[in-house]
file protein-v2.cif (mmCIF, C-alpha atoms)
data_structure
loop_
_atom_site.label_atom_id
_atom_site.label_comp_id
_atom_site.auth_asym_id
_atom_site.auth_seq_id
_atom_site.Cartn_x
_atom_site.Cartn_y
_atom_site.Cartn_z
CA MET A 1 -3.11 -11.05 1.81
CA LYS A 2 0.40 -9.74 2.27
CA THR A 3 2.99 -9.62 -0.48
CA ALA A 4 6.74 -9.53 -0.07
CA PHE A 5 9.50 -9.59 -2.64
CA SER A 6 12.56 -11.77 -2.09
CA LEU A 7 16.03 -10.61 -3.03
CA GLY A 8 15.94 -12.92 -6.03
CA SER A 9 12.67 -11.43 -7.21
CA ALA A 10 14.06 -7.94 -6.84
CA LEU A 11 17.12 -8.81 -8.92
CA MET A 12 14.91 -10.24 -11.65
CA LEU A 13 12.91 -7.03 -11.72
CA LEU A 14 16.05 -4.93 -11.86
CA ALA A 15 17.05 -6.73 -15.03
CA GLY A 16 14.06 -5.26 -16.85
CA PHE A 17 14.41 -1.64 -15.72
CA ALA A 18 16.48 -0.45 -18.68
CA ASN A 19 13.95 -1.52 -21.28
CA ALA A 20 10.53 -1.28 -19.71
CA HIS A 21 8.68 1.94 -20.58
CA THR A 22 5.24 2.54 -22.10
CA TYR A 23 3.04 5.13 -23.85
CA LEU A 24 -0.62 5.63 -24.83
CA SER A 25 -0.82 4.15 -28.31
CA LYS A 26 -4.51 4.05 -29.26
CA LEU A 27 -8.08 4.86 -28.29
CA SER A 28 -11.30 3.03 -29.08
CA LEU A 29 -14.32 5.36 -28.94
CA ASP A 30 -17.93 4.15 -29.20
CA GLY A 31 -16.59 0.76 -30.30
CA VAL A 32 -14.40 2.16 -33.09
CA GLN A 33 -10.64 1.78 -32.76
CA GLU A 34 -8.70 4.81 -33.90
CA SER A 35 -5.28 4.51 -35.54
CA GLU A 36 -2.14 4.90 -33.47
CA GLY A 37 -1.67 8.47 -32.28
CA GLN A 38 -5.07 9.60 -33.57
CA CYS A 39 -6.82 12.02 -31.18
CA ILE A 40 -3.69 11.86 -28.96
CA ARG A 41 -1.41 14.87 -28.45
CA PRO A 42 1.89 14.44 -30.38
CA TYR A 43 4.54 12.33 -28.72
CA PRO A 44 7.97 13.65 -27.74
CA ALA A 45 11.09 12.14 -29.30
CA ASP A 46 11.28 9.56 -26.50
CA ARG A 47 7.59 8.82 -26.45
CA ASN A 48 7.76 6.03 -23.88
CA PHE A 49 9.91 7.86 -21.31
CA PRO A 50 8.41 8.73 -17.92
CA VAL A 51 8.01 11.98 -15.99
CA LYS A 52 9.36 11.91 -12.42
CA ASP A 53 9.07 15.50 -11.16
CA VAL A 54 5.49 15.93 -9.90
CA THR A 55 5.94 19.72 -9.78
CA SER A 56 6.76 19.96 -13.50
CA THR A 57 4.17 20.91 -16.13
CA ASP A 58 5.26 17.74 -17.94
CA ILE A 59 3.20 15.83 -15.38
CA THR A 60 0.07 17.34 -16.98
CA CYS A 61 0.14 15.69 -20.41
CA GLY A 62 3.63 14.26 -20.70
CA VAL A 63 6.81 15.90 -21.98
CA GLY A 64 5.79 18.92 -24.08
CA GLY A 65 2.13 17.87 -23.95
CA VAL A 66 0.68 21.22 -22.89
CA SER A 67 2.37 23.03 -25.79
CA LYS A 68 0.97 20.75 -28.49
CA THR A 69 -2.48 19.86 -29.75
CA ALA A 70 -3.90 16.73 -31.34
CA SER A 71 -4.62 16.83 -35.04
CA GLU A 72 -8.18 15.72 -34.33
CA THR A 73 -10.69 15.90 -31.48
CA CYS A 74 -12.67 12.68 -31.71
CA PRO A 75 -16.40 12.43 -30.86
CA VAL A 76 -17.67 10.14 -28.09
CA LYS A 77 -21.00 9.81 -26.25
CA ALA A 78 -21.30 10.63 -22.56
CA GLY A 79 -21.71 7.46 -20.52
CA SER A 80 -20.05 5.28 -23.13
CA THR A 81 -17.02 3.07 -22.53
CA ILE A 82 -13.73 4.04 -24.13
CA THR A 83 -10.74 1.74 -24.41
CA VAL A 84 -7.26 3.11 -23.86
CA GLU A 85 -4.34 1.06 -25.12
CA TRP A 86 -0.70 1.28 -24.01
CA HIS A 87 2.36 -0.14 -25.74
CA HIS A 88 6.06 -0.34 -25.04
CA ASP A 89 7.60 0.10 -28.50
CA ASN A 90 4.76 -0.14 -31.02
CA ASP A 91 1.27 -1.53 -31.49
CA SER A 92 2.38 -4.92 -32.80
CA ALA A 93 0.93 -8.12 -31.34
CA SER A 94 4.35 -9.11 -29.99
CA ASP A 95 4.85 -5.88 -28.03
CA ASP A 96 5.33 -6.45 -24.29
CA ILE A 97 3.21 -3.38 -23.28
CA ILE A 98 5.26 -2.54 -20.15
CA ASP A 99 7.81 -4.58 -18.24
CA ILE A 100 6.57 -6.74 -15.36
CA SER A 101 8.98 -4.85 -13.07
CA HIS A 102 6.89 -1.69 -13.47
CA LEU A 103 4.02 -2.69 -11.21
CA GLY A 104 1.63 0.07 -10.20
CA PRO A 105 -1.79 1.71 -10.58
CA CYS A 106 -3.63 3.17 -13.57
CA MET A 107 -5.68 6.38 -13.47
CA VAL A 108 -7.68 8.39 -15.99
CA TYR A 109 -8.64 12.08 -15.63
CA MET A 110 -10.64 14.57 -17.70
CA ALA A 111 -10.55 18.36 -18.03
CA PRO A 112 -12.21 20.89 -20.34
CA LEU A 113 -10.12 21.22 -23.48
CA GLU A 114 -10.30 25.02 -23.40
CA SER A 115 -8.35 24.98 -20.11
CA ASN A 116 -5.41 23.21 -21.76
CA GLY A 117 -5.05 21.39 -18.44
CA SER A 118 -4.14 24.51 -16.46
CA GLY A 119 -5.70 25.26 -13.06
CA ASP A 120 -8.18 23.38 -10.90
CA VAL A 121 -9.79 21.61 -13.85
CA TRP A 122 -8.93 17.90 -13.63
CA PHE A 123 -11.39 15.34 -12.27
CA LYS A 124 -10.65 11.63 -11.96
CA ILE A 125 -12.98 9.20 -13.79
CA PHE A 126 -11.09 5.93 -13.23
CA GLU A 127 -8.56 4.32 -10.93
CA ASP A 128 -7.31 0.79 -10.36
CA GLY A 129 -4.50 -0.03 -7.97
CA TYR A 130 -3.74 -3.28 -6.14
CA ASP A 131 -6.11 -6.20 -5.51
CA ALA A 132 -4.87 -8.07 -2.43
CA ALA A 133 -7.29 -10.97 -2.99
CA THR A 134 -5.63 -11.86 -6.29
CA ASN A 135 -2.24 -10.20 -5.72
CA THR A 136 -2.83 -8.24 -8.93
CA TRP A 137 -1.88 -4.69 -9.94
CA CYS A 138 -3.48 -2.70 -12.74
CA VAL A 139 -0.25 -3.10 -14.69
CA ASN A 140 -0.70 -6.89 -14.51
CA LYS A 141 -4.19 -6.50 -15.97
CA ILE A 142 -3.18 -4.38 -18.95
CA ARG A 143 -0.22 -6.67 -19.70
CA ASN A 144 -2.60 -9.61 -19.75
CA ASN A 145 -5.06 -7.75 -22.01
CA GLY A 146 -2.82 -6.57 -24.82
CA GLY A 147 -2.33 -3.15 -23.21
CA LYS A 148 -6.07 -2.39 -23.20
CA LEU A 149 -8.14 -0.92 -20.37
CA ASP A 150 -11.86 -0.09 -20.51
CA VAL A 151 -12.95 3.19 -18.91
CA ALA A 152 -16.56 4.40 -18.55
CA LEU A 153 -17.13 8.11 -19.19
CA PRO A 154 -19.45 9.89 -16.73
CA ALA A 155 -22.97 10.02 -18.15
CA ASP A 156 -23.94 13.40 -16.72
CA ILE A 157 -20.99 15.67 -17.61
CA LYS A 158 -21.69 18.59 -19.90
CA SER A 159 -21.29 18.06 -23.61
CA GLY A 160 -18.18 19.68 -25.04
CA ASP A 161 -14.51 19.17 -25.79
CA TYR A 162 -12.30 17.53 -23.17
CA LEU A 163 -8.78 16.37 -22.53
CA VAL A 164 -8.54 12.73 -21.43
CA ARG A 165 -5.38 12.17 -19.39
CA THR A 166 -4.10 8.60 -18.95
CA GLU A 167 -1.56 7.75 -16.28
CA ILE A 168 0.39 4.74 -15.06
CA ILE A 169 2.61 5.07 -11.99
CA ALA A 170 5.46 2.56 -12.02
CA LEU A 171 6.53 1.84 -8.45
CA HIS A 172 9.76 -0.12 -8.91
CA GLU A 173 11.85 2.83 -7.61
CA SER A 174 9.21 4.55 -5.51
CA ASP A 175 10.69 3.42 -2.20
CA THR A 176 12.82 6.58 -2.45
CA ASP A 177 11.53 10.16 -2.52
CA TYR A 178 12.39 11.77 -5.86
CA ALA A 179 12.95 15.11 -4.07
CA VAL A 180 15.63 13.44 -1.96
CA ASN A 181 17.23 11.35 -4.70
CA PRO A 182 16.24 12.29 -8.29
CA ALA A 183 17.95 9.16 -9.58
CA ARG A 184 15.03 7.21 -8.11
CA GLY A 185 11.39 7.91 -7.33
CA SER A 186 8.08 6.98 -8.97
CA GLN A 187 7.79 7.01 -12.75
CA PHE A 188 4.69 8.59 -14.31
CA TYR A 189 3.67 7.51 -17.82
CA VAL A 190 1.32 10.26 -18.91
CA ASN A 191 -0.46 11.15 -22.17
CA CYS A 192 -3.43 13.30 -23.16
CA ALA A 193 -6.06 12.68 -25.83
CA GLN A 194 -8.75 15.05 -27.11
CA VAL A 195 -12.41 14.04 -27.30
CA SER A 196 -15.69 15.81 -28.00
CA VAL A 197 -18.42 14.55 -25.63
CA THR A 198 -21.98 14.46 -26.97
CA ASN A 199 -25.35 13.62 -25.36
CA GLY A 200 -24.11 14.90 -22.02
CA GLY A 201 -25.87 16.38 -19.01
CA SER A 202 -25.19 19.45 -16.90
CA ALA A 203 -22.61 18.23 -14.36
CA GLU A 204 -19.35 20.11 -13.94
CA PRO A 205 -17.28 17.98 -11.53
CA GLN A 206 -14.98 19.71 -9.06
CA GLY A 207 -11.52 20.00 -10.54
CA TYR A 208 -7.99 19.75 -9.17
CA ALA A 209 -4.69 21.08 -10.45
CA ILE A 210 -2.07 18.93 -12.18
CA PRO A 211 0.64 19.61 -11.14
CA GLY A 212 -0.70 20.01 -7.63
CA ILE A 213 -2.51 16.80 -6.70
CA TYR A 214 0.71 14.94 -5.89
CA LYS A 215 3.75 15.55 -3.76
CA SER A 216 6.90 13.48 -4.10
CA ASN A 217 6.20 11.95 -0.69
CA THR A 218 2.43 11.52 -1.03
CA PRO A 219 1.35 8.01 0.05
CA GLY A 220 1.04 5.99 -3.13
CA VAL A 221 3.63 8.14 -4.89
CA ILE A 222 6.20 6.92 -2.40
CA PHE A 223 5.71 3.21 -1.77
CA ASN A 224 8.02 0.28 -1.05
CA LEU A 225 7.13 -2.40 -3.56
CA TYR A 226 9.72 -4.74 -2.04
CA SER A 227 8.32 -4.74 1.49
CA SER A 228 5.41 -6.75 2.85
CA TYR A 229 2.11 -5.04 1.98
CA SER A 230 -1.57 -5.90 1.89
CA SER A 231 -3.00 -2.73 0.33
CA TYR A 232 -2.03 0.32 -1.68
CA PRO A 233 -3.26 3.93 -1.23
CA ILE A 234 -4.12 5.27 -4.70
CA PRO A 235 -3.03 8.93 -4.74
CA GLY A 236 -5.03 11.90 -5.98
CA PRO A 237 -8.69 12.90 -5.62
CA ALA A 238 -11.59 10.47 -5.43
CA VAL A 239 -13.16 9.18 -8.64
CA TYR A 240 -16.09 11.30 -9.83
CA VAL A 241 -19.32 9.29 -9.89
CA SER A 242 -22.33 10.44 -11.90
CA GLY A 243 -25.43 11.39 -9.96
CA PRO A 244 -26.94 14.10 -7.75
CA GLY A 245 -24.62 15.37 -5.05
CA ASN A 246 -21.53 13.80 -6.57
CA GLY A 247 -20.10 16.92 -8.14
CA ASN A 248 -17.30 17.21 -5.64
CA GLY A 249 -14.47 14.73 -5.60
CA GLU A 250 -12.62 14.57 -2.30
CA SER A 251 -8.82 14.64 -2.35
CA THR A 252 -7.09 11.76 -0.62
CA ASP A 253 -3.69 13.41 -0.75
CA GLU A 254 -3.57 14.23 2.95
CA SER A 255 -6.16 11.73 4.15
CA THR A 256 -3.85 10.02 6.61
CA ASP A 257 -3.21 13.29 8.46
CA VAL A 258 -6.84 13.94 9.42
CA PRO A 259 -7.28 13.59 13.21
CA VAL A 260 -10.09 11.67 14.85
CA GLU A 261 -12.83 14.08 15.80
CA SER A 262 -15.29 13.68 18.62
CA THR A 263 -18.89 13.56 17.47
CA GLY A 264 -20.31 14.58 20.82
CA SER A 265 -21.64 11.04 21.44
CA SER A 266 -20.98 8.64 24.31
CA ALA A 267 -17.54 7.54 25.44
CA GLU A 268 -18.15 4.16 23.85
CA GLU A 269 -18.91 5.72 20.46
CA ASN A 270 -15.80 7.91 20.59
CA THR A 271 -13.67 4.92 21.58
CA ASN A 272 -15.01 2.78 18.75
CA SER A 273 -14.42 5.59 16.27
CA SER A 274 -10.82 5.96 17.44
CA ALA A 275 -10.25 2.21 17.11
CA GLU A 276 -11.54 2.19 13.54
CA GLU A 277 -9.39 5.16 12.61
CA SER A 278 -6.35 3.54 14.20
CA ASN A 279 -6.90 0.32 12.28
CA TYR A 280 -7.22 2.24 9.00
CA SER A 281 -4.17 4.34 9.74
CA SER A 282 -2.10 1.26 10.52
CA VAL A 283 -2.72 -0.12 7.05
CA GLU A 284 -1.72 3.11 5.39
CA ASN A 285 1.37 3.37 7.59
CA THR A 286 2.53 0.06 6.11
CA ASP A 287 1.99 1.24 2.55
CA ALA A 288 3.33 4.74 2.89
CA PRO A 289 6.53 4.32 4.92
CA THR A 290 7.74 7.89 4.73
CA GLU A 291 4.48 9.62 5.57
CA ASN A 292 4.05 10.40 9.27
CA THR A 293 0.54 9.17 9.96
CA GLY A 294 -1.52 8.80 13.02
CA SER A 295 -4.94 9.58 14.31
CA SER A 296 -5.12 12.07 17.12
CA VAL A 297 -6.94 10.79 20.18
CA GLU A 298 -6.58 14.01 22.12
CA GLU A 299 -9.91 15.38 20.88
CA SER A 300 -11.74 12.15 21.68
CA THR A 301 -10.19 12.02 25.17
CA ASP A 302 -11.14 15.61 25.96
CA SER A 303 -14.63 15.11 24.59
CA SER A 304 -15.15 11.87 26.51
CA ALA A 305 -13.89 13.36 29.77
CA GLU A 306 -16.10 16.41 29.39
CA GLU A 307 -19.16 14.31 28.60
CA SER A 308 -18.54 11.96 31.51
CA THR A 309 -18.11 14.89 33.95
CA ASP A 310 -21.31 16.56 32.79
CA SER A 311 -23.36 13.36 32.93
CA SER A 312 -25.83 12.77 35.78
CA ALA A 313 -25.44 9.92 38.29
CA GLU A 314 -28.41 8.25 36.69
CA GLU A 315 -26.60 8.08 33.33
CA SER A 316 -23.40 6.86 35.01
CA ASN A 317 -25.31 4.11 36.82
CA TYR A 318 -26.88 3.12 33.53
CA SER A 319 -23.43 2.63 31.91
CA SER A 320 -22.31 -0.91 32.69
CA ALA A 321 -18.87 -2.01 33.71
CA GLU A 322 -18.77 -4.14 30.60
CA GLU A 323 -19.10 -1.08 28.34
CA ASN A 324 -16.26 0.73 30.09
CA THR A 325 -14.05 -2.35 29.87
CA ASP A 326 -14.69 -3.08 26.16
CA ALA A 327 -13.84 0.37 24.84
CA PRO A 328 -10.20 0.48 25.96
CA THR A 329 -9.73 -3.12 24.80
CA GLU A 330 -10.63 -2.06 21.23
CA ASN A 331 -8.24 0.85 21.41
CA THR A 332 -5.47 -1.41 22.69
CA ASP A 333 -6.01 -3.81 19.79
CA ALA A 334 -5.89 -0.97 17.28
CA SER A 335 -2.72 0.45 18.78
CA GLN A 336 -0.97 -2.91 18.60
CA ASN A 337 -1.43 -2.83 14.83
CA SER A 338 0.39 0.45 14.46
CA ALA A 339 3.08 0.36 17.19
CA THR A 340 4.96 -2.14 19.39
CA GLU A 341 4.98 0.07 22.44
CA SER A 342 2.24 2.61 23.00
CA PRO A 343 2.20 5.19 25.78
CA THR A 344 -0.97 5.28 27.83
CA GLU A 345 -2.60 7.91 29.90
CA GLU A 346 -5.44 7.52 32.31
CA VAL A 347 -8.39 9.81 32.37
CA SER A 348 -10.50 9.35 35.49
CA THR A 349 -13.77 11.17 35.95
CA ASP A 350 -16.15 10.99 38.90
CA ALA A 351 -19.82 11.28 38.11
CA PRO A 352 -21.54 13.81 40.44
CA GLU A 353 -23.87 12.50 43.11
CA THR A 354 -27.57 13.09 42.54
CA PRO A 355 -29.19 14.55 45.73
CA THR A 356 -32.58 12.87 45.08
CA SER A 357 -31.23 9.34 44.59
CA SER A 358 -29.71 6.91 47.06
CA ALA A 359 -27.93 5.03 44.28
CA PRO A 360 -24.18 4.70 44.85
CA VAL A 361 -21.85 6.84 42.79
CA VAL A 362 -20.05 4.87 40.09
CA THR A 363 -16.44 5.75 39.46
CA TYR A 364 -14.82 4.41 36.32
CA THR A 365 -11.54 4.74 34.51
CA THR A 366 -11.18 4.89 30.74
CA THR A 367 -7.76 4.08 29.39
CA ILE A 368 -7.13 5.58 25.97
CA THR A 369 -4.09 4.33 24.13
CA ALA A 370 -2.55 6.89 21.84
CA ALA A 371 -0.82 5.38 18.86
CA PRO A 372 2.22 7.47 17.99
CA GLY A 373 2.83 8.45 14.39
CA LYS A 374 5.15 6.18 12.52
CA CYS A 375 7.74 7.48 10.11
CA HIS A 376 9.90 5.25 7.90
#
call {"tool": "encode", "arguments": {"input": "protein-v2.cif", "output": "C-alpha cells"}}
result
Amino acid sequence: MKTAFSLGSALMLLAGFANAHTYLSKLSLDGVQESEGQCIRPYPADRNFPVKDVTSTDITCGVGGVSKTASETCPVKAGSTITVEWHHDNDSASDDIIDISHLGPCMVYMAPLESNGSGDVWFKIFEDGYDAATNTWCVNKIRNNGGKLDVALPADIKSGDYLVRTEIIALHESDTDYAVNPARGSQFYVNCAQVSVTNGGSAEPQGYAIPGIYKSNTPGVIFNLYSSYSSYPIPGPAVYVSGPGNGNGESTDESTDVPVESTGSSAEENTNSSAEESNYSSVENTDAPTENTGSSVEESTDSSAEESTDSSAEESNYSSAEENTDAPTENTDASQNSATESPTEEVSTDAPETPTSSAPVVTYTTTITAAPGKCH
C-alpha cells in the first residue's frame, strides 16, 4: 500500500506544527501506574520540546537529561511488560498526546544506569514504525490509546539498575537534512527513566552509543512524509531478542550500503540473490531519498564469470537454456523497480571442451543489469 499526501493535507498538518509536542509523562511497572514524573529524570523548562541535533548529548536523555538523576529508581521484573505514557501538555484525559501532524516511529532503549548513557551501552528493546497494511504509524497508535504504549522487557538481561530511554521521531520536517537546514529536520522526543530490574538472567546485550547510532541523513531520520511511500526504514540497531545467540544487535544504520556478495554458488543462485537485493534496495531508495543506495553487482558478475570459466563441459551441458534465460529476466525486473534506464554489460564465457566427450560445447551469455544508485 502506498501513501501520498495532497497539498491540502500538507497544509492541514502545517497548521498543527506550532502546538504539537510531547513528553514522557508516566510509567506503569508490574501493573502499577506511577505518578507523573516518578522514576523519570527531571524535565527541562520546556519539557515537551524536541531535540534535533543527533550529535548532541541532548539526544541521549533529552535536554539536560545526562546531568540529572531521577528521585527514585523503580523496581520491575525482567520479562514483564511496562507501559510508557506520553502527553502533550499534561496527563489530563483531554490532552491530545501529540499532534496528528507529527507522524513517526516509537523506539525504546535500555542501558546500565551506572554508565549514565555514555559509550556503547544502549540496546534497543522495542520499535514500531509504519504499517502499510493499515496505513498506521506508531504515533497514530499512541494517540488512539491515550498516549500509552506497552513494551516487554527482555527476560534474560542481568538484574540491576537501568536507564530506559523512550523516543518518538516526528517526521513532518524530516524531508530536509538538519545538517543542511537546521530550521527543519527530524524532531526527537526523548526522555529517560530509571528502573531496577529483578529476577533477571545473565545476558548483557551488545550496546551502541547515543549519540552515535544516527546521522542527520540516516534513512529513517531523513524521510519525505509527503511523498508516495509503502514502507519506512526504522533507524538504529536491531531490537534485542531474549535467547541464546541473541546478544548482539545488528545496526541498520548503513544497511542500504552493503554490496551484494557472491556466495560461491551457481550463476543462477548469484543472479537470484542480486535480484532480491535489488528489490529490497528499491524500497529503501523510495523511503530514504537522500541516501545513495544500491547493491553492487560487480562481485556477483566476477564470481559468476569465474565459476562458469572453471566449470567442465559436462556441467555446462547440464545447465539448461531455460536457467540461463530466467536469471537475467529476474535482474531486469529488479532493476526496473529502482531505475528507469539501466546500463547493461554482457559477460560471455565459453565452457572448455572436454577431450573425452563428443558432446557439443555450449556457449551462453548472461546479461547482468546493474542498477545505479539513486540519490534524491
call {"tool": "residues_around", "arguments": {"input": "protein-v2.cif", "residues": "range 47-56 of chain A", "least_positions_apart": "5", "cutoff": "9 Å", "atoms": "all atoms listed in the file", "output": "list in words"}}
result
Ala20, His21, Thr22, Tyr23, Leu24, Pro42, Gly62, Val63, His87, His88, Asp89, Tyr178, Ala179, Pro182, Arg184, Gly185, Ser186, Gln187, Phe188, Tyr189, Val190, Ile210, Pro211, Gly212, Ile213, Tyr214, Lys215 and Ser216 of chain A
call {"tool": "atom_distance", "arguments": {"input": "protein-v2.cif", "atom1": "CA of Gln38 in chain A", "atom2": "CA of Cys192 in chain A"}}
result
11.2 Å
call {"tool": "resolve_selection", "arguments": {"input": "protein-v2.cif", "expression": "the PyMOL selection byres ((chain A and resi 78) around 10)", "output": "list of chain:residue names"}}
result
A:Asp30, A:Pro75, A:Val76, A:Lys77, A:Gly79, A:Ser80, A:Thr81, A:Ala152, A:Leu153, A:Pro154, A:Ala155, A:Asp156, A:Ile157, A:Lys158, A:Ser159, A:Gly160, A:Ser196, A:Val197, A:Thr198, A:Asn199, A:Gly200, A:Gly201
call {"tool": "atom_distance", "arguments": {"input": "protein-v2.cif", "atom1": "CA of Asn90 in chain A", "atom2": "CA of Glu36 in chain A"}}
result
8.9 Å
